[in-house]
$ cat target.txt   # compact mmCIF, C-alpha atoms and all ligand atoms
# COMPACT_ATOMS: atom_id res chain seq x y z
CA MET I 4 61.80 25.32 -19.38
CA ALA I 5 63.85 24.80 -16.21
CA VAL I 6 64.93 28.02 -14.55
CA VAL I 7 68.71 28.28 -14.57
CA LYS I 8 70.37 29.89 -11.59
CA ARG I 9 73.88 31.07 -10.91
CA TRP I 10 75.63 29.28 -8.04
CA GLN I 11 75.39 32.47 -6.00
CA GLU I 12 71.61 32.35 -6.34
CA CYS I 13 71.25 28.66 -5.40
CA THR I 14 69.80 27.99 -1.99
CA GLU I 15 70.74 25.14 0.34
CA GLU I 16 67.36 23.61 -0.64
CA ASP I 17 68.25 23.74 -4.38
CA ILE I 18 71.54 21.99 -3.67
CA LEU I 19 69.84 19.38 -1.52
CA GLN I 20 67.47 18.61 -4.42
CA ALA I 21 70.42 18.36 -6.82
CA ASN I 22 72.10 15.88 -4.47
CA ILE I 23 68.90 13.84 -4.11
CA GLU I 24 68.74 13.49 -7.89
CA LYS I 25 72.42 12.85 -8.34
CA TYR I 26 72.74 10.11 -5.72
CA ASP I 27 69.64 8.37 -6.99
CA SER I 28 71.11 7.92 -10.46
CA GLU I 29 72.21 4.44 -11.54
CA HIS I 30 75.44 5.79 -12.94
CA ILE I 31 76.62 7.27 -9.64
CA VAL I 32 75.35 4.43 -7.50
CA ASN I 33 77.09 1.89 -9.73
CA PHE I 34 80.28 3.88 -9.44
CA TYR I 35 80.17 3.53 -5.65
CA LYS I 36 79.13 -0.12 -5.94
CA ASP I 37 82.01 -1.01 -8.23
CA PHE I 38 84.43 1.28 -6.51
CA GLU I 39 86.86 -1.23 -5.09
CA GLU I 40 88.77 1.32 -3.07
CA PRO I 41 92.48 0.85 -3.73
CA ARG I 42 94.34 0.51 -0.47
CA TYR I 43 95.68 4.06 -0.51
CA ALA I 44 92.21 5.54 -0.21
CA TYR I 45 91.79 4.43 3.36
CA ILE I 46 95.24 5.26 4.67
CA GLU I 47 94.48 8.78 5.83
CA TYR I 48 91.11 7.66 7.21
CA ASN I 49 92.71 4.91 9.26
CA VAL I 50 95.46 7.16 10.53
CA ILE I 51 93.28 10.15 11.45
CA PHE I 52 90.35 8.17 12.87
CA LYS I 53 92.62 5.94 14.94
CA ALA I 54 94.46 8.90 16.45
CA VAL I 55 91.23 10.80 17.18
CA ILE I 56 89.53 7.74 18.68
CA ASN I 57 92.60 7.10 20.87
CA MET I 58 92.26 10.64 22.19
CA LEU I 59 88.49 10.41 22.67
CA GLU I 60 88.77 7.15 24.55
CA LYS I 61 90.87 8.95 27.18
CA THR I 62 87.96 11.27 28.02
CA VAL I 63 84.79 9.33 27.14
CA ASN I 64 84.29 6.45 29.56
CA ARG I 65 81.85 4.33 27.55
CA ASN I 66 81.54 2.90 24.07
CA LEU I 67 81.74 5.75 21.60
CA GLN I 68 78.60 6.99 19.82
CA ALA I 69 79.53 8.13 16.33
CA VAL I 70 77.82 9.40 13.18
CA ASP I 71 78.92 9.10 9.58
CA LEU I 72 76.87 11.97 8.17
CA CYS I 73 76.30 12.05 4.39
CA GLY I 74 77.97 8.70 4.73
CA GLY I 75 76.81 7.19 1.42
CA ALA I 76 78.03 3.61 1.16
CA GLY I 77 79.57 3.91 4.62
CA LYS I 78 83.28 4.27 3.94
CA ALA I 79 83.93 6.27 7.11
CA ALA I 80 81.50 4.18 9.19
CA PHE I 81 83.39 0.99 8.37
CA VAL I 82 86.76 2.53 9.13
CA MET I 83 85.42 3.83 12.47
CA LYS I 84 84.19 0.33 13.33
CA SER I 85 87.57 -1.15 12.49
CA CYS I 86 89.34 1.44 14.69
CA SER I 87 86.88 1.01 17.58
CA PRO I 88 84.90 -2.27 17.23
CA ASP I 89 82.65 -1.46 20.22
CA CYS I 90 81.57 1.95 18.99
CA ARG I 91 78.01 2.46 17.80
CA VAL I 92 77.85 4.22 14.45
CA THR I 93 74.82 5.86 12.87
CA LEU I 94 75.24 6.04 9.12
CA VAL I 95 73.08 8.80 7.62
CA ASP I 96 72.50 9.63 3.98
CA LEU I 97 69.74 11.00 1.78
CA SER I 98 70.10 8.25 -0.82
CA GLU I 99 68.41 4.91 -0.17
CA LYS I 100 70.48 3.39 -2.98
CA MET I 101 73.78 4.47 -1.44
CA LEU I 102 72.64 3.15 1.95
CA ASP I 103 71.70 -0.18 0.31
CA ILE I 104 75.34 -0.66 -0.67
CA ALA I 105 76.28 -0.23 3.00
CA ARG I 106 73.47 -2.55 4.14
CA GLU I 107 74.78 -5.28 1.81
CA LYS I 108 78.28 -4.92 3.20
CA ILE I 109 77.00 -4.99 6.78
CA ALA I 110 75.04 -8.18 6.09
CA LYS I 111 77.85 -9.84 4.12
CA ASN I 112 80.43 -9.20 6.83
CA ASN I 113 78.08 -9.68 9.75
CA ILE I 114 78.93 -6.29 11.22
CA GLU I 115 77.06 -5.24 14.34
CA GLY I 116 76.59 -1.75 15.72
CA ILE I 117 75.92 0.25 12.58
CA ASP I 118 72.45 1.84 12.38
CA VAL I 119 71.44 3.02 8.93
CA VAL I 120 69.24 6.11 8.68
CA LEU I 121 67.73 7.71 5.59
CA ALA I 122 67.67 11.46 6.19
CA ASP I 123 69.17 14.68 4.98
CA ALA I 124 71.89 16.08 7.18
CA PHE I 125 70.07 19.11 8.58
CA SER I 126 66.93 17.12 9.44
CA PHE I 127 69.03 14.48 11.17
CA LEU I 128 70.89 17.10 13.16
CA GLU I 129 67.60 18.52 14.42
CA SER I 130 66.91 15.22 16.20
CA GLU I 131 67.70 14.47 19.83
CA GLY I 132 70.89 12.37 19.84
CA GLU I 133 74.27 13.29 21.33
CA TYR I 134 77.46 12.02 19.72
CA ASP I 135 81.12 11.73 20.62
CA LEU I 136 82.28 11.77 17.02
CA ILE I 137 80.58 13.21 13.94
CA VAL I 138 82.33 12.54 10.64
CA PHE I 139 81.79 14.27 7.30
CA SER I 140 83.66 12.36 4.62
CA SER I 141 83.75 14.02 1.23
CA ALA I 142 80.61 15.80 2.37
CA VAL I 143 80.98 19.45 3.37
CA HIS I 144 81.52 20.49 -0.25
CA HIS I 145 77.95 19.34 -0.95
CA PHE I 146 76.58 22.28 1.07
CA LYS I 147 76.32 25.92 0.15
CA GLU I 148 77.20 27.00 3.69
CA PRO I 149 79.48 24.42 5.33
CA LEU I 150 79.64 26.62 8.46
CA ASN I 151 75.89 26.28 9.06
CA LEU I 152 76.24 22.53 8.75
CA LEU I 153 79.14 22.42 11.20
CA GLN I 154 77.26 24.63 13.63
CA SER I 155 74.27 22.26 13.59
CA ALA I 156 76.64 19.33 14.10
CA ALA I 157 78.36 21.08 17.02
CA ALA I 158 74.98 21.28 18.79
CA ARG I 159 74.79 17.45 18.74
CA LEU I 160 78.22 16.85 20.27
CA SER I 161 78.62 15.26 23.68
CA GLU I 162 80.73 17.08 26.27
CA ASN I 163 84.09 16.07 24.84
CA GLY I 164 82.77 15.27 21.38
CA LEU I 165 84.69 15.98 18.16
CA ILE I 166 83.91 16.55 14.50
CA ILE I 167 86.12 15.26 11.70
CA THR I 168 85.87 16.56 8.15
CA ILE I 169 87.89 14.60 5.62
CA ALA I 170 88.39 14.29 1.86
CA ASP I 171 87.08 17.66 0.74
CA PRO I 172 88.84 19.59 -2.02
CA THR I 173 90.72 22.82 -1.39
CA THR I 174 90.82 25.61 -3.96
CA ILE I 175 94.09 24.09 -5.25
CA THR I 176 91.90 21.83 -7.40
CA LYS I 177 91.20 24.85 -9.59
CA SER I 178 94.86 25.27 -10.49
CA ARG I 179 96.12 24.23 -13.93
CA ARG I 180 98.97 22.40 -12.22
CA TYR I 181 96.54 20.22 -10.31
CA GLN I 182 94.38 19.57 -13.41
CA PHE I 183 97.46 18.60 -15.40
CA PHE I 184 98.71 16.05 -12.85
CA ARG I 185 95.23 14.68 -12.29
CA PHE I 186 95.00 14.13 -16.02
CA LEU I 187 98.41 12.43 -16.13
CA ALA I 188 97.45 10.01 -13.35
CA ALA I 189 94.08 9.06 -14.83
CA ASN I 190 93.35 5.96 -16.90
CA SER I 191 92.00 6.48 -20.43
CA GLN I 192 88.32 6.35 -19.37
CA ASN I 193 88.94 8.90 -16.63
CA LYS I 194 91.00 11.05 -19.00
CA LYS I 195 87.88 11.40 -21.15
CA GLU I 196 85.83 12.26 -18.05
CA ILE I 197 88.35 14.90 -16.99
CA ILE I 198 88.30 16.53 -20.40
CA LYS I 199 84.51 16.56 -20.31
CA GLN I 200 84.55 18.05 -16.80
CA MET I 201 87.06 20.71 -17.84
CA PHE I 202 84.66 21.90 -20.48
CA SER I 203 81.57 21.60 -18.33
CA GLY I 204 83.59 23.24 -15.53
CA ASN I 205 83.77 26.35 -17.67
CA LYS I 206 80.00 26.43 -17.64
CA ASN I 207 80.11 27.01 -13.90
CA SER I 208 81.27 30.55 -14.51
CA ASN I 209 78.61 31.10 -17.16
CA PRO I 210 75.36 32.11 -15.50
CA ASP I 211 73.33 31.13 -18.55
CA ALA I 212 74.61 27.56 -18.72
CA ASP I 213 73.37 24.61 -16.77
CA PHE I 214 75.88 23.21 -14.27
CA ASP I 215 76.20 20.37 -11.82
CA MET I 216 74.91 22.03 -8.67
CA ALA I 217 75.60 18.98 -6.50
CA GLU I 218 79.28 18.95 -7.48
CA TYR I 219 79.93 22.65 -7.98
CA GLN I 220 82.43 22.90 -5.14
CA THR I 221 84.22 19.73 -6.24
CA TYR I 222 85.63 21.87 -9.03
CA THR I 223 85.95 25.21 -7.28
CA GLY I 224 87.21 23.67 -4.04
CA ILE I 225 86.63 25.06 -0.58
CA ASN I 226 88.69 27.81 0.98
CA ASP I 227 89.77 25.73 3.95
CA ARG I 228 91.75 28.55 5.63
CA GLU I 229 88.61 30.68 5.65
CA LEU I 230 86.60 27.74 6.97
CA ALA I 231 89.14 27.19 9.77
CA ARG I 232 88.79 30.86 10.75
CA GLY I 233 85.00 30.70 10.42
CA VAL I 234 84.52 27.79 12.81
CA THR I 235 85.94 29.87 15.64
CA ASN I 236 82.85 32.13 15.33
CA ILE I 237 80.47 29.21 15.83
CA GLY I 238 81.99 27.82 19.03
CA LEU I 239 84.41 25.34 17.46
CA SER I 240 88.21 25.17 17.52
CA PRO I 241 90.29 23.47 14.85
CA LEU I 242 92.53 21.08 16.83
CA VAL I 243 94.03 19.73 13.63
CA HIS I 244 93.89 21.14 10.12
CA LEU I 245 95.88 19.38 7.47
CA ARG I 246 96.20 19.22 3.71
CA TYR I 247 97.16 16.00 2.06
CA PRO I 248 97.62 14.59 -1.44
CA ALA I 249 94.73 12.17 -2.03
CA GLY I 250 94.95 10.17 -5.25
CA GLU I 251 96.83 7.40 -7.01
CA PRO I 252 99.50 5.84 -4.76
CA TYR I 253 102.45 6.98 -6.83
CA MET I 254 100.99 10.46 -7.27
CA VAL I 255 100.51 10.75 -3.53
CA LYS I 256 104.29 10.43 -3.18
CA ILE I 257 105.04 13.08 -5.78
CA MET I 258 102.23 15.63 -5.27
CA PRO I 259 103.39 17.22 -1.99
CA TYR I 260 106.70 18.18 -3.61
CA LEU I 261 104.73 19.98 -6.33
CA GLY I 262 102.66 21.91 -3.80
CA LEU I 263 99.65 19.70 -4.51
CA CYS I 264 98.32 18.69 -1.11
CA TRP I 265 94.86 19.40 -2.49
CA ALA I 266 92.49 17.70 -0.03
CA PHE I 267 91.91 18.84 3.53
CA SER I 268 90.83 17.39 6.81
CA MET I 269 89.98 19.05 10.11
CA VAL I 270 89.43 17.80 13.62
CA LEU I 271 87.17 20.24 15.48
CA GLY I 272 86.38 20.43 19.17
CA LYS I 273 84.00 22.65 21.12
CA SER I 274 85.80 25.86 22.06
CA GLU I 275 84.23 25.83 25.54
CA ASN I 276 85.97 22.51 26.34
CA ARG I 277 89.52 23.57 25.73
CA VAL I 278 91.46 20.44 24.81
CA PRO I 279 94.87 20.65 26.55
CA GLU I 280 97.72 21.62 24.22
CA LYS I 281 99.57 18.48 25.28
CA MET I 282 96.75 16.27 23.97
CA ILE I 283 96.58 18.18 20.69
CA GLY I 284 100.35 17.82 20.36
CA GLU I 285 100.11 14.07 20.89
CA LEU I 286 97.27 13.79 18.39
CA LYS I 287 99.27 15.64 15.75
CA GLN I 288 102.37 13.63 16.52
CA GLU I 289 100.53 10.32 16.16
CA ILE I 290 99.07 11.37 12.80
CA LYS I 291 102.47 12.55 11.62
CA GLU I 292 104.20 9.33 12.61
CA GLU I 293 101.59 7.07 11.00
CA MET I 294 100.91 8.87 7.72
CA PRO I 295 102.94 7.11 5.03
CA PHE I 296 103.13 10.15 2.77
CA LYS I 297 104.12 13.79 3.17
CA PHE I 298 101.35 16.16 4.16
CA LYS I 299 101.08 19.65 5.58
CA TYR I 300 99.75 20.93 8.89
CA MET I 301 98.10 24.32 8.49
C1 LIG Z 401 80.81 12.29 -2.42
S1 LIG Z 401 79.61 11.28 -1.63
C2 LIG Z 401 80.54 10.75 -0.22
C3 LIG Z 401 79.98 9.50 0.38
C4 LIG Z 401 80.77 8.98 1.58
N1 LIG Z 401 80.73 9.90 2.69
C5 LIG Z 401 82.19 8.67 1.19
O1 LIG Z 401 83.11 9.30 1.71
O2 LIG Z 401 82.39 7.77 0.35
C6 LIG Z 401 78.48 12.44 -0.95
C7 LIG Z 401 77.33 11.81 -0.21
O3 LIG Z 401 76.62 12.83 0.47
C8 LIG Z 401 75.23 12.57 0.38
N2 LIG Z 401 74.57 13.86 0.59
C9 LIG Z 401 74.65 14.97 -0.17
N3 LIG Z 401 73.95 15.96 0.37
C10 LIG Z 401 73.39 15.47 1.51
C11 LIG Z 401 72.54 16.01 2.51
N4 LIG Z 401 72.12 17.28 2.46
N5 LIG Z 401 72.16 15.20 3.52
C12 LIG Z 401 72.56 13.92 3.59
N6 LIG Z 401 73.37 13.35 2.67
C13 LIG Z 401 73.79 14.12 1.64
C14 LIG Z 401 75.06 11.96 -0.98
O4 LIG Z 401 73.86 11.21 -1.06
C15 LIG Z 401 76.32 11.10 -1.09
O5 LIG Z 401 76.10 9.80 -0.62
$ encode --input "target.txt" --output "structure tokens" --more "lines below"
Ligand SMILES: C[S@@+](CC[C@H](N)C(=O)[O-])C[C@H]1O[C@@H](n2cnc3c(N)ncnc32)[C@H](O)[C@@H]1O
Amino acid sequence: MAVVKRWQECTEEDILQANIEKYDSEHIVNFYKDFEEPRYAYIEYNVIFKAVINMLEKTVNRNLQAVDLCGGAGKAAFVMKSCSPDCRVTLVDLSEKMLDIAREKIAKNNIEGIDVVLADAFSFLESEGEYDLIVFSSAVHHFKEPLNLLQSAAARLSENGLIITIADPTTITKSRRYQFFRFLAANSQNKKEIIKQMFSGNKNSNPDADFDMAEYQTYTGINDRELARGVTNIGLSPLVHLRYPAGEPYMVKIMPYLGLCWAFSMVLGKSENRVPEKMIGELKQEIKEEMPFKFKYM
């Protein structure tokens, strides 16, 4: 019989194995394959990546070297390419099937300058490369210790390099208010899924029940304030930390007024290379002007 562990007892290796299994399953891969992202899903990516790349291009005098780490089907990689067509992006993921979706898109659209690498994040970060931009999209919640991951990523940054984390859940996702509005916005198939998750979510607090180790923090969320404080102990500074209301387009308009900016994004720079306040101000201003919905700077 499989040994059941509490989340607290799970190691980074256990979670890695859970992710390997999860992202090899037909069900999940088909979800990403069929997932015709509605236009809203890319808005914050476009806005944040464009502003960050504008800032980077002022200090890095060559084509940018970027990584989409845990990049799956390459959502962030493709947005980076559209913001900076000459940049070279390495798309890294542990799932060959997820990477195949990206490979198909690359071939279909004749996109050059995206290298696809099958590897787990920590192994990749042990390699030699140096990058101007490392992106984690919907990724840091798949690690037990996001700070360790960010520290390894920081070691791979070029002199003025930056890290972006985007589309991770905050602890607001645990609130009844959030669950209620998520349920309201869902179609009937997703409503069933949500109900199922709510019940299986309860299992996460039961040490004797099996739970989805790969997605555990999707339901508990990440304490992003604590993470923002934590990065300062590993040589990183949060230049931008924002919470925004990812979701259905009409919900995105309503959620901020209900206190439901539930997803977070951070732009992190190396503390030793103090980015001038003026540049940070301009970065924040550009994001604020371009974002078509209300969000919150932390
Ligand atoms: C929620 S999906 C996000 C995919 C993509 N970044 C996006 O935004 O659409 C999480 C991805 O992380 C990958 N992943 C999970 N743990 C990983 C690890 N330790 N190393 C590399 N990839 C990992 C999974 O295979 C999956 O493709």
$ closest_residue --input "target.txt" --among "I:Phe127, I:Phe183, I:Tyr247, I:Tyr253" --to "I:Met301" --atoms "all atoms listed in the file"
I:Tyr247
$ closest_residue --input "target.txt" --among "I:Leu160, I:Leu102, I:Met58, I:Leu230" --to "ligand LIG 401 (chain Z)" --atoms "all atoms listed in the file"
I:Leu102
$ residues_near_ligand --input "target.txt" --ligand "ligand LIG 401 (chain Z)" --cutoff "8 Å" --atoms "only C-alpha atoms and all ligand atoms" --output "number ranges by chain"
I: 18-19, 22-23, 25-27, 35, 71-79, 95-98, 101-102, 122-125, 139-142, 145-146, 170, 217
$ atom_distance --input "target.txt" --atom1 "atom CA of I:Cys86" --atom2 "atom CA of I:Phe52"
7.0 Å
$ atom_distance --input "target.txt" --atom1 "atom CA of I:Arg179" --atom2 "atom CA of I:Leu245"
21.9 Å
$ closest_residue --input "target.txt" --among "I:Leu271, I:Leu136, I:Val82, I:Val278" --to "I:Tyr48" --atoms "only C-alpha atoms"
I:Val82
$ residues_around --input "target.txt" --residues "I:His244" --least-positions-apart "3" --cutoff "7 Å" --atoms "all atoms listed in the file" --output "list in words"
Pro241, Ser268, Met269, Val270, Tyr300 and Met301 of chain I
$ residues_around --input "target.txt" --residues "I:Pro295" --least-positions-apart "5" --cutoff "9 Å" --atoms "all atoms listed in the file" --output "PyMOL selection string"
chain I and resi 46-47+256
$ atom_distance --input "target.txt" --atom1 "atom CA of I:Ala21" --atom2 "atom CA of I:Lys147"
11.9 Å
$ closest_residue --input "target.txt" --among "I:Glu129, I:Asp135, I:Glu251, I:Glu275" --to "I:Thr235" --atoms "all atoms listed in the file"
I:Glu275
$ closest_residue --input "target.txt" --among "I:Ala54, I:Ala105, I:Ile225, I:Val119" --to "I:Leu150" --atoms "all atoms listed in the file"
I:Ile225
$ residues_around --input "target.txt" --residues "I:Leu187" --least-positions-apart "4" --cutoff "12 Å" --atoms "only C-alpha atoms" --output "JSON, numbers by chain"
{"I": [180, 181, 182, 183, 191, 193, 194, 195, 197, 198, 250, 251, 253, 254, 258]}
$ decode --input "target.txt" --residues "stretch 73-95 of chain I" --atoms "N, CA and C atoms" --output "short mmCIF file (atom, residue, chain, number, x, y, z; two decimals), in the first residue's frame"
data_model
loop_
_atom_site.label_atom_id
_atom_site.label_comp_id
_atom_site.auth_asym_id
_atom_site.auth_seq_id
_atom_site.Cartn_x
_atom_site.Cartn_y
_atom_site.Cartn_z
N CYS I 73 9.72 25.80 -16.04
CA CYS I 73 8.45 25.11 -15.79
C CYS I 73 7.44 25.67 -16.78
N GLY I 74 7.90 25.84 -17.98
CA GLY I 74 7.15 26.59 -19.00
C GLY I 74 6.03 25.82 -19.66
N GLY I 75 5.96 24.50 -19.45
CA GLY I 75 4.86 23.72 -20.02
C GLY I 75 4.74 23.91 -21.52
N ALA I 76 3.55 24.30 -21.95
CA ALA I 76 3.29 24.47 -23.38
C ALA I 76 3.82 25.81 -23.90
N GLY I 77 4.51 26.56 -23.06
CA GLY I 77 5.25 27.72 -23.54
C GLY I 77 4.51 29.04 -23.55
N LYS I 78 3.46 29.14 -22.75
CA LYS I 78 2.69 30.38 -22.75
C LYS I 78 3.59 31.62 -22.58
N ALA I 79 4.40 31.61 -21.53
CA ALA I 79 5.25 32.78 -21.27
C ALA I 79 6.31 32.95 -22.36
N ALA I 80 6.85 31.82 -22.84
CA ALA I 80 7.90 31.91 -23.88
C ALA I 80 7.35 32.63 -25.12
N PHE I 81 6.13 32.30 -25.51
CA PHE I 81 5.57 32.91 -26.72
C PHE I 81 5.28 34.40 -26.49
N VAL I 82 4.83 34.73 -25.30
CA VAL I 82 4.58 36.16 -25.04
C VAL I 82 5.90 36.93 -25.04
N MET I 83 6.95 36.32 -24.45
CA MET I 83 8.26 37.00 -24.45
C MET I 83 8.73 37.24 -25.87
N LYS I 84 8.56 36.22 -26.73
CA LYS I 84 8.99 36.38 -28.13
C LYS I 84 8.20 37.49 -28.82
N SER I 85 6.91 37.60 -28.48
CA SER I 85 6.13 38.64 -29.14
C SER I 85 6.53 40.03 -28.63
N CYS I 86 6.96 40.11 -27.37
CA CYS I 86 7.39 41.41 -26.83
C CYS I 86 8.80 41.77 -27.32
N SER I 87 9.63 40.77 -27.56
CA SER I 87 11.01 41.03 -27.95
C SER I 87 11.42 39.97 -28.99
N PRO I 88 11.05 40.17 -30.27
CA PRO I 88 11.23 39.12 -31.28
C PRO I 88 12.67 38.62 -31.40
N ASP I 89 13.67 39.45 -31.05
CA ASP I 89 15.06 38.99 -31.18
C ASP I 89 15.58 38.26 -29.96
N CYS I 90 14.78 38.16 -28.92
CA CYS I 90 15.32 37.50 -27.73
C CYS I 90 15.40 35.99 -27.96
N ARG I 91 16.32 35.36 -27.25
CA ARG I 91 16.46 33.90 -27.33
C ARG I 91 15.85 33.33 -26.06
N VAL I 92 14.88 32.44 -26.23
CA VAL I 92 14.20 31.91 -25.06
C VAL I 92 14.47 30.42 -24.92
N THR I 93 14.83 29.99 -23.72
CA THR I 93 14.94 28.56 -23.44
C THR I 93 13.69 28.17 -22.65
N LEU I 94 12.95 27.25 -23.23
CA LEU I 94 11.72 26.77 -22.59
C LEU I 94 12.04 25.44 -21.91
N VAL I 95 11.86 25.40 -20.59
CA VAL I 95 12.25 24.22 -19.82
C VAL I 95 11.04 23.64 -19.11
#
